[in-house]
Every structure is written in structure tokens, then in C-alpha cells.
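In what follows, a structure is listed as C-alpha cells, so that the remarks can point back to it.
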Amino acid sequence: MLKLISEELVPVSGIDIKSLAEIYDEEDIYLSIYLPVSGAENERLNKLFINSRVKAIKKALSSGLRVEFERTFSMLEEFIHKTPISGEKGLILFACSSESFLHVYRLAVEPEQSMVLDTSPFLLPLAKLRADYDDYGMLLVDSQEGRFTCIRSDLAEEKKHLSIDLMNKHKKGGWSQARFNHLRKGAIKSFFSELANNVQNICDGSEVKGFVVAGPGNAKQEFVEMLSKNLQGKVLGIIDLPMNISRNEMLEAGDKVLHETERSESIKKAEEFKTAILKGKLAVYGVKDVLSALESGRVNVLLILKDSSLPGWICERCQNLQANVQAPKECDRCGGPTSVVDVLEELYELAQRTGAEVEFVEKEDFLASDDLVGALLRY
Ligand SMILES: [Zn+2]
């Protein structure tokens, strides 16, 4: 889609990163901008940042590309300075004037500032956001109420609200306390099983990674114990929260559980990778070997060291990719034009195009060497 301007907040999982990764040109004509936009301080910092980046980019361009860049930048300018809508914390912009290409995404989460002119949309910051913000559910439950909210990059949508009124239903007719307790237990049990069915349906019908079970007291634990094995496997964590918690506090508590889950998954992948390296099979590391594995479509999981970047160049004709060296005027393999790139971005795009999974790993979980990338191989 050439023009896509979101008027509302979008979850990062709603951005079609795969088709963005397919976009490609021989010249540096795609401008990508990521900005945190909430608050006056960000507004001030963004202005300074944009001005200095525009200056630097213009300096590095030939006169023809400079004109193209100015046209592209003017497509985006109005969006950069627009007042954020309610709840908006981040802005992602991709544009290319000569292709009449313009994508504007408003987010409820904050990206890091970045502005890049490249041969394709710059996706690494978006990929990191996606790794940090999987869609998940939050189930608030006690013995007479259950509320399931889907949370997609801090956009919360309530999917189900169930409740029973235990007192009115059963305390009539002068029953003994024992009989009342028995009936109450039965009512809670059937309430839980109805709630479980609803949760199952929501999980089946959406892309949630799993759900957090929250609430006061012991009811949440009892609820989890009666879930099917399948649903129990989707429980990301069980935490204490009051039923009347505010939306923001719920998001904060849920995100914390989500990030812990994601961290432990990334540790697991890093362990799997290190074990494969030790056994000498189905794993490679270092830019050169990872690149050739990606090019032959053998990569199952690409591991990238979190928050790193790697300057280098790429040949726009033959895709010759070299790290840590200054871009020569012509490609040493085919004589084609070269451009400066973040090598990790190129590897990420290759992973997207070849269907490889991407995992961002922390330094302490990764290799002891200086390598920034590794890959688990399919064969
Ligand atoms: Zn070349």
C-alpha cells in the first residue's frame, strides 16, 4: 500500500513489517523517522534532533538525491509537527517522494529517536518494539467477576466481562451455613468454567501470546488450577491486583510480566544457540557466516545483540554486504554503486524475507566474544 496514514493509535503488531521488508530501491530514497512524541520535552528534543539529522543527511548526498530528499522530507514535515492525539506516545514515518510512498503510524508506546535515509524503510527499531510488545491478555478475576482485556502495544480493549451475584442468588430461603457454602462453591465452579470457555474462545480467535491472571486473594489460583492444560500453558504469570485497578496500573503490571516472559524466552534461545555452537552443529556466528546462511535460506532463528548497530556498506546491484569498512565508490565484486548501511538492518530484512524468526538477546546472555549476530540453522 503506497499511502497509509493512521488517524488512530495502532499496535506495533498491526504494522505489516513483512511487506515493508520487501520494499527496496537501488538508491537512498527511503526516509524513516522514529520519534517519542509525548510531552513538551520530547517535542523540543525532536526539533533539535530532526534539524541536525536533516543537515547531516543533506551534506552526505549528491545534488540529485538532495532534491529528492527535500521532497520526501516535506511529505513528512506536517506529521512531525502535529500535536499528538490522546494517548499517543510514538510516531513512525516512512516516506519516499519518487515512489509516492507515505506511511504514518501513531503508537501508544515509545520508540527511540532515529532518522535514517536508506534504500529501504529502516525497520530495526520497529522490530525491537515488536519484540518488546507482543499482544497479550489480562484476566482480572475473583470469585464473582471476570474481565478479560486484550493489550496490544499498550492499547487495551476489553473483550469480555462476566459476573455472578453469589449473595442474592443463594442466600434466600434460610439455608444452613453448610448448605449455603456448598451451593456457593458450586456456583463459583460453574462461573469459572464459563469464564474459562470465554477465555479459550478469545485466545483461539486472536493472536495473543498468552494471558496474565490477576486479582485479589486465592480465586485466581483456583481458576488457573481448573483450566485445561492447553490454557494453563498460556498463563504468562499470576499476580495480585485489586479488581478496581486503573487502566494504567493494569498496563504497567501486565507489561512487567510480559517483559519477564520475553526475557526468559530470549535467554532460552541464547542457551540453545550456545549449546549448538559447543556441539559444533546447526549454528553459526559472526556477520560473514550468518549472512551466507541467510542468503541460502538456512536460518531458522537470527539472534541479534540488543541495542547494537554495525556500520558497513552494501552493493545495490549484487547485495555484497561488508561490515566495519568504509564504503568504496564501487563494489569490489561487480563495480556497482554502494551505500552506507547498518549491517544489522540488512540482516534483519534478509531474515524477514526468508521467513526466519528474529530474537534480540542481551549481552550477558549472548556469546563472550564481540560478535553481534548468530543464527540457529534449519539444516
Ligand atoms: Zn556488487
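Residue names in the C-alpha cells use chain letters A, B, ... in the order shown, residue numbers from 1 in each chain, and ligand numbers from 1 in the order shown.
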Exercise. Residues within 8 Å of ligand 1 (only C-alpha atoms and all ligand atoms), as a VMD selection string?
Worked result: chain A and resid 314 to 320 330 to 338
Once you have the residues from the selection above, write them out as an mmCIF file, in the first residue's frame, restricted to N, CA, C and O atoms.
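The file below, part.cif, is the result:
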```cif
data_model
loop_
_atom_site.group_PDB
_atom_site.id
_atom_site.type_symbol
_atom_site.label_atom_id
_atom_site.label_comp_id
_atom_site.auth_asym_id
_atom_site.auth_seq_id
_atom_site.Cartn_x
_atom_site.Cartn_y
_atom_site.Cartn_z
ATOM 1 N N ILE A 314 26.658 -1.739 1.505
ATOM 2 C CA ILE A 314 26.074 -2.783 0.675
ATOM 3 C C ILE A 314 26.171 -2.353 -0.786
ATOM 4 O O ILE A 314 26.113 -1.165 -1.101
ATOM 5 N N CYS A 315 26.373 -3.322 -1.672
ATOM 6 C CA CYS A 315 26.323 -3.036 -3.102
ATOM 7 C C CYS A 315 24.863 -3.128 -3.526
ATOM 8 O O CYS A 315 24.198 -4.129 -3.256
ATOM 9 N N GLU A 316 24.379 -2.061 -4.161
ATOM 10 C CA GLU A 316 22.964 -2.020 -4.514
ATOM 11 C C GLU A 316 22.640 -2.940 -5.689
ATOM 12 O O GLU A 316 21.480 -3.215 -5.967
ATOM 13 N N ARG A 317 23.683 -3.392 -6.372
ATOM 14 C CA ARG A 317 23.438 -4.273 -7.521
ATOM 15 C C ARG A 317 23.502 -5.750 -7.116
ATOM 16 O O ARG A 317 22.576 -6.493 -7.356
ATOM 17 N N CYS A 318 24.593 -6.138 -6.468
ATOM 18 C CA CYS A 318 24.756 -7.583 -6.185
ATOM 19 C C CYS A 318 24.546 -7.924 -4.714
ATOM 20 O O CYS A 318 24.715 -9.073 -4.312
ATOM 21 N N GLN A 319 24.185 -6.920 -3.895
ATOM 22 C CA GLN A 319 23.904 -7.156 -2.473
ATOM 23 C C GLN A 319 25.118 -7.596 -1.673
ATOM 24 O O GLN A 319 24.976 -8.104 -0.564
ATOM 25 N N ASN A 320 26.316 -7.412 -2.236
ATOM 26 C CA ASN A 320 27.546 -7.642 -1.484
ATOM 27 C C ASN A 320 27.509 -6.784 -0.220
ATOM 28 O O ASN A 320 27.380 -5.574 -0.296
ATOM 29 N N GLU A 330 32.963 1.979 -5.683
ATOM 30 C CA GLU A 330 32.342 0.901 -6.454
ATOM 31 C C GLU A 330 32.507 -0.418 -5.710
ATOM 32 O O GLU A 330 33.481 -0.616 -5.001
ATOM 33 N N CYS A 331 31.534 -1.300 -5.925
ATOM 34 C CA CYS A 331 31.589 -2.633 -5.320
ATOM 35 C C CYS A 331 32.807 -3.396 -5.839
ATOM 36 O O CYS A 331 33.075 -3.399 -7.035
ATOM 37 N N ASP A 332 33.554 -4.028 -4.921
ATOM 38 C CA ASP A 332 34.757 -4.756 -5.349
ATOM 39 C C ASP A 332 34.411 -6.071 -6.044
ATOM 40 O O ASP A 332 35.271 -6.746 -6.580
ATOM 41 N N ARG A 333 33.139 -6.429 -6.042
ATOM 42 C CA ARG A 333 32.758 -7.680 -6.695
ATOM 43 C C ARG A 333 32.215 -7.419 -8.095
ATOM 44 O O ARG A 333 32.542 -8.123 -9.037
ATOM 45 N N CYS A 334 31.335 -6.377 -8.238
ATOM 46 C CA CYS A 334 30.662 -6.186 -9.527
ATOM 47 C C CYS A 334 30.765 -4.765 -10.083
ATOM 48 O O CYS A 334 30.277 -4.473 -11.166
ATOM 49 N N GLY A 335 31.402 -3.851 -9.315
ATOM 50 C CA GLY A 335 31.535 -2.480 -9.807
ATOM 51 C C GLY A 335 30.278 -1.639 -9.641
ATOM 52 O O GLY A 335 30.207 -0.505 -10.101
ATOM 53 N N GLY A 336 29.275 -2.188 -8.985
ATOM 54 C CA GLY A 336 28.012 -1.470 -8.793
ATOM 55 C C GLY A 336 28.117 -0.368 -7.749
ATOM 56 O O GLY A 336 29.118 -0.277 -7.032
ATOM 57 N N PRO A 337 27.059 0.476 -7.650
ATOM 58 C CA PRO A 337 27.073 1.560 -6.666
ATOM 59 C C PRO A 337 26.907 1.011 -5.238
ATOM 60 O O PRO A 337 26.221 0.017 -5.026
ATOM 61 N N THR A 338 27.544 1.671 -4.290
ATOM 62 C CA THR A 338 27.464 1.199 -2.906
ATOM 63 C C THR A 338 26.758 2.244 -2.048
ATOM 64 O O THR A 338 26.693 3.401 -2.406
#
```
For this session: List the neighbours of Ser98 in chain A out to 8 Å using only C-alpha atoms; skip same-chain residues closer than 5 positions along the sequence, and give me the result as a ChimeraX atom specification.
Result: /A:29,68,72
Exercise. Which residues, written as a VMD selection string, have at least one atom at most 12 Å from Lys281 in chain A, with only C-alpha atoms counted and residues fewer than 3 positions away on the same chain left out?
Worked result: chain A and resid 272 to 278 284 to 285 375 to 379
For this session: Taking the chain letters and numbering used in this document, name the residues of range 157-292 of chain A that DSSP puts in strand (DSSP E or B), as a count of residues only.
Result: 21
Problem set entry | Selected residue of minimal separation from Phe49 in chain A among A:Glu222, A:Val116, A:Leu303, A:Lys82, counting only C-alpha atoms |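 For Phe49 in chain A, the nearest of the candidates is A:Val116.
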Problem set entry | Residues within 7 Å of Ala327 in chain A, only C-alpha atoms, excluding chain neighbours under 6 positions, as a list in words | Gly312, Trp313, Thr338, Ser339 and Val340 of chain A
What are the closest atom pairs, with distances in Å to one decimal, for each residue of range 99-145 of chain A lying within 12 Å of range 223-233 of chain A, using only C-alpha atoms, rows by chain and rising residue number, as a tab-separated table?
```
residue	atom	partner	partner_atom	distance
A:Leu139	CA	A:Phe223	CA	10.7
A:Leu140	CA	A:Phe223	CA	11.0
A:Val141	CA	A:Phe223	CA	8.3
A:Asp142	CA	A:Phe223	CA	8.7
A:Ser143	CA	A:Phe223	CA	8.7
A:Gln144	CA	A:Phe223	CA	11.3
A:Glu145	CA	A:Phe223	CA	11.5
```
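Our summary of the geometry notes that CA of Val10 in chain A is positioned 26.5 Å from CA of Arg71 in chain A.
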Shell of 8 Å around Val208 in chain A, only C-alpha atoms, local chain residues under 2 positions omitted, as a PDB file with C-alpha atoms, in the first residue's frame:
```pdb
ATOM      1  CA  ASP A 134       3.700  -8.944  21.926  1.00  0.00           C
ATOM      2  CA  ASP A 135      -0.091  -8.896  22.116  1.00  0.00           C
ATOM      3  CA  TYR A 136      -1.311 -10.433  25.358  1.00  0.00           C
ATOM      4  CA  GLY A 137      -4.395 -10.727  27.518  1.00  0.00           C
ATOM      5  CA  CYS A 150      -6.592  -7.650  25.166  1.00  0.00           C
ATOM      6  CA  CYS A 203      -7.333 -16.971  22.734  1.00  0.00           C
ATOM      7  CA  SER A 206      -6.779 -13.704  18.376  1.00  0.00           C
ATOM      8  CA  GLY A 210      -0.868 -15.674  26.351  1.00  0.00           C
ATOM      9  CA  PHE A 211      -2.547 -14.005  29.286  1.00  0.00           C
TER      10      PHE A 211
END
```
Exercise. Could you name the residues that touch Leu166 in chain A at 12 Å or less, counting only C-alpha atoms, but leaving out those on the same chain fewer than 3 positions away, as JSON, numbers by chain?
Worked result: {"A": [142, 143, 144, 145, 163, 169, 170, 171, 172, 180, 181, 182, 183, 184, 185, 186, 187, 188, 189, 190, 191]}
Save the residues we just selected, N, CA, C and O atoms, as a compact mmCIF listing (two decimals), in the first residue's frame?
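New file again_0.txt:
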```txt
# COMPACT_ATOMS: atom_id res chain seq x y z
N ASP A 142 -11.97 -12.56 40.33
CA ASP A 142 -12.16 -13.00 41.71
C ASP A 142 -13.31 -14.01 41.70
O ASP A 142 -13.67 -14.51 40.64
N SER A 143 -13.91 -14.30 42.83
CA SER A 143 -14.87 -15.41 42.84
C SER A 143 -16.21 -15.05 42.21
O SER A 143 -17.07 -15.91 42.03
N GLN A 144 -16.43 -13.78 41.86
CA GLN A 144 -17.72 -13.49 41.22
C GLN A 144 -17.64 -12.57 40.01
O GLN A 144 -18.65 -12.15 39.48
N GLU A 145 -16.41 -12.26 39.59
CA GLU A 145 -16.28 -11.39 38.44
C GLU A 145 -15.04 -11.76 37.64
O GLU A 145 -14.03 -12.16 38.21
N SER A 163 -20.01 -11.80 35.27
CA SER A 163 -20.09 -11.78 36.73
C SER A 163 -21.29 -12.58 37.21
O SER A 163 -22.23 -12.83 36.45
N LYS A 169 -28.30 -14.74 44.78
CA LYS A 169 -28.74 -15.98 44.17
C LYS A 169 -29.00 -17.07 45.21
O LYS A 169 -29.84 -17.92 45.03
N HIS A 170 -28.20 -17.07 46.25
CA HIS A 170 -28.22 -18.24 47.11
C HIS A 170 -28.50 -18.01 48.58
O HIS A 170 -28.64 -18.96 49.33
N LYS A 171 -28.59 -16.78 49.02
CA LYS A 171 -28.77 -16.66 50.46
C LYS A 171 -30.25 -16.50 50.83
O LYS A 171 -30.60 -15.98 51.87
N LYS A 172 -31.11 -16.96 49.94
CA LYS A 172 -32.53 -16.90 50.26
C LYS A 172 -32.99 -18.21 50.91
O LYS A 172 -32.36 -19.23 50.77
N PHE A 180 -25.37 -23.42 52.32
CA PHE A 180 -25.06 -22.19 51.58
C PHE A 180 -23.65 -22.25 50.99
O PHE A 180 -23.43 -21.99 49.81
N ASN A 181 -22.66 -22.67 51.81
CA ASN A 181 -21.28 -22.77 51.34
C ASN A 181 -21.16 -23.74 50.17
O ASN A 181 -20.44 -23.49 49.20
N HIS A 182 -21.89 -24.85 50.28
CA HIS A 182 -21.85 -25.86 49.24
C HIS A 182 -22.37 -25.29 47.92
O HIS A 182 -21.76 -25.43 46.87
N LEU A 183 -23.51 -24.61 48.01
CA LEU A 183 -24.10 -24.01 46.81
C LEU A 183 -23.20 -22.92 46.24
O LEU A 183 -23.04 -22.77 45.04
N ARG A 184 -22.61 -22.16 47.15
CA ARG A 184 -21.72 -21.07 46.72
C ARG A 184 -20.55 -21.64 45.93
O ARG A 184 -20.19 -21.14 44.87
N LYS A 185 -19.96 -22.72 46.47
CA LYS A 185 -18.82 -23.36 45.79
C LYS A 185 -19.21 -23.82 44.40
O LYS A 185 -18.48 -23.64 43.43
N GLY A 186 -20.39 -24.44 44.34
CA GLY A 186 -20.88 -24.92 43.04
C GLY A 186 -21.07 -23.79 42.05
O GLY A 186 -20.72 -23.89 40.87
N ALA A 187 -21.61 -22.68 42.56
CA ALA A 187 -21.86 -21.54 41.69
C ALA A 187 -20.55 -20.94 41.18
O ALA A 187 -20.42 -20.58 40.01
N ILE A 188 -19.56 -20.88 42.07
CA ILE A 188 -18.26 -20.35 41.66
C ILE A 188 -17.64 -21.27 40.60
O ILE A 188 -17.10 -20.81 39.60
N LYS A 189 -17.77 -22.58 40.83
CA LYS A 189 -17.19 -23.54 39.89
C LYS A 189 -17.80 -23.37 38.50
O LYS A 189 -17.09 -23.36 37.49
N SER A 190 -19.12 -23.23 38.45
CA SER A 190 -19.72 -23.11 37.12
C SER A 190 -19.42 -21.74 36.51
O SER A 190 -19.27 -21.60 35.30
N PHE A 191 -19.29 -20.73 37.37
CA PHE A 191 -18.87 -19.41 36.88
C PHE A 191 -17.47 -19.50 36.27
O PHE A 191 -17.22 -19.02 35.16
```
Problem set entry | Counting only C-alpha atoms, the option among A:Arg152, A:Lys159, A:Lys18, A:Lys269 closest to Tyr133 in chain A | A:Arg152
Exercise. Asp371 in chain A: which residues within 9 Å, counting only C-alpha atoms, same-chain residues fewer than 6 positions away excluded, as an MDAnalysis selection string?
Worked result: chainID A and resid 285:287 305
Exercise. Interatomic distance between CA of Val109 in chain A and CA of Asp154 in chain A?
Worked result: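 Spanning CA of Val109 in chain A to CA of Asp154 in chain A is a straight-line distance of 6.6 Å.
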Exercise. Closest to Arg66 in chain A among A:Ser120, A:Ser97, A:Ser369, A:Asn198, using only C-alpha atoms?
Worked result: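 The shortest atom-to-atom distance to Arg66 in chain A comes from A:Ser97.
The space separating CA of Ser100 in chain A from CA of Ser153 in chain A comes to 28.6 Å.
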For this session: Point out the residue among A:Val37, A:Ala219, A:Ile202, A:Leu155 with the least atom-to-atom distance to Leu9 in chain A, counting only C-alpha atoms.
Result: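 That would be A:Leu155, the residue with the smallest distance to Leu9 in chain A.
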Problem set entry | Of the listed residues A:Ile50, A:Ile23, A:Val67, A:Ile239, that which approaches Gln352 in chain A most closely, counting only C-alpha atoms |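 Answer, going by the shortest atom-to-atom distance: A:Ile23.
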Problem set entry | range 47-204 of chain A: residues DSSP assigns to helix (DSSP H, G or I), reported as a PyMOL selection string | chain A and resi 47-60+63-81+124-132+166-170+177-204
With C-alpha atoms kept, could you save the residues just selected as an mmCIF file, in the first residue's frame?
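Once written, result.cif looks like this:
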```
data_model
loop_
_atom_site.group_PDB
_atom_site.id
_atom_site.type_symbol
_atom_site.label_atom_id
_atom_site.label_comp_id
_atom_site.auth_asym_id
_atom_site.auth_seq_id
_atom_site.Cartn_x
_atom_site.Cartn_y
_atom_site.Cartn_z
ATOM 1 C CA LYS A 47 13.040 19.518 16.812
ATOM 2 C CA LEU A 48 16.737 19.653 17.634
ATOM 3 C CA PHE A 49 17.225 16.074 16.522
ATOM 4 C CA ILE A 50 15.378 16.452 13.222
ATOM 5 C CA ASN A 51 17.197 19.681 12.349
ATOM 6 C CA SER A 52 20.610 18.189 12.950
ATOM 7 C CA ARG A 53 19.784 14.970 11.078
ATOM 8 C CA VAL A 54 18.382 16.857 8.090
ATOM 9 C CA LYS A 55 21.574 18.907 7.927
ATOM 10 C CA ALA A 56 23.820 15.848 8.186
ATOM 11 C CA ILE A 57 21.882 13.851 5.589
ATOM 12 C CA LYS A 58 21.879 16.734 3.086
ATOM 13 C CA LYS A 59 25.621 17.091 3.455
ATOM 14 C CA ALA A 60 26.186 13.454 2.573
ATOM 15 C CA SER A 63 22.781 17.151 -5.564
ATOM 16 C CA GLY A 64 20.229 14.982 -7.382
ATOM 17 C CA LEU A 65 19.457 12.894 -4.333
ATOM 18 C CA ARG A 66 19.395 16.007 -2.172
ATOM 19 C CA VAL A 67 16.463 17.403 -4.166
ATOM 20 C CA GLU A 68 14.690 14.048 -3.862
ATOM 21 C CA PHE A 69 15.381 14.005 -0.119
ATOM 22 C CA GLU A 70 13.959 17.508 0.332
ATOM 23 C CA ARG A 71 10.782 16.494 -1.471
ATOM 24 C CA THR A 72 10.483 13.376 0.674
ATOM 25 C CA PHE A 73 11.107 15.294 3.882
ATOM 26 C CA SER A 74 8.426 17.850 3.014
ATOM 27 C CA MET A 75 5.898 14.982 2.713
ATOM 28 C CA LEU A 76 6.576 14.136 6.364
ATOM 29 C CA GLU A 77 7.099 17.540 7.875
ATOM 30 C CA GLU A 78 3.468 18.256 8.726
ATOM 31 C CA PHE A 79 3.162 14.947 10.597
ATOM 32 C CA ILE A 80 6.282 15.592 12.662
ATOM 33 C CA HIS A 81 4.876 18.833 13.998
ATOM 34 C CA LEU A 124 15.241 -2.403 13.106
ATOM 35 C CA PRO A 125 13.655 -0.033 15.687
ATOM 36 C CA LEU A 126 10.197 -1.325 14.729
ATOM 37 C CA ALA A 127 11.454 -4.891 15.063
ATOM 38 C CA LYS A 128 12.734 -4.129 18.558
ATOM 39 C CA LEU A 129 9.380 -2.638 19.559
ATOM 40 C CA ARG A 130 7.660 -5.740 18.253
ATOM 41 C CA ALA A 131 9.972 -7.957 20.242
ATOM 42 C CA ASP A 132 9.127 -5.935 23.375
ATOM 43 C CA LEU A 166 -23.469 -15.012 44.699
ATOM 44 C CA MET A 167 -25.299 -13.393 47.586
ATOM 45 C CA ASN A 168 -28.660 -12.704 46.008
ATOM 46 C CA LYS A 169 -28.742 -15.976 44.169
ATOM 47 C CA HIS A 170 -28.219 -18.242 47.108
ATOM 48 C CA GLN A 177 -24.393 -22.171 56.500
ATOM 49 C CA ALA A 178 -23.060 -25.536 55.305
ATOM 50 C CA ARG A 179 -25.661 -25.808 52.564
ATOM 51 C CA PHE A 180 -25.063 -22.194 51.579
ATOM 52 C CA ASN A 181 -21.277 -22.774 51.336
ATOM 53 C CA HIS A 182 -21.851 -25.861 49.242
ATOM 54 C CA LEU A 183 -24.097 -24.010 46.807
ATOM 55 C CA ARG A 184 -21.725 -21.069 46.722
ATOM 56 C CA LYS A 185 -18.824 -23.362 45.793
ATOM 57 C CA GLY A 186 -20.876 -24.924 43.039
ATOM 58 C CA ALA A 187 -21.857 -21.537 41.692
ATOM 59 C CA ILE A 188 -18.258 -20.349 41.659
ATOM 60 C CA LYS A 189 -17.193 -23.537 39.892
ATOM 61 C CA SER A 190 -19.721 -23.107 37.115
ATOM 62 C CA PHE A 191 -18.869 -19.413 36.877
ATOM 63 C CA PHE A 192 -15.177 -20.306 36.471
ATOM 64 C CA SER A 193 -15.899 -22.882 33.819
ATOM 65 C CA GLU A 194 -17.995 -20.403 31.823
ATOM 66 C CA LEU A 195 -15.195 -17.864 32.169
ATOM 67 C CA ALA A 196 -12.625 -20.455 31.053
ATOM 68 C CA ASN A 197 -14.686 -21.169 27.920
ATOM 69 C CA ASN A 198 -14.756 -17.476 27.122
ATOM 70 C CA VAL A 199 -11.004 -17.143 27.641
ATOM 71 C CA GLN A 200 -10.435 -20.150 25.379
ATOM 72 C CA ASN A 201 -12.560 -18.571 22.642
ATOM 73 C CA ILE A 202 -10.737 -15.255 22.865
ATOM 74 C CA CYS A 203 -7.333 -16.971 22.734
ATOM 75 C CA ASP A 204 -8.422 -19.082 19.746
#
```
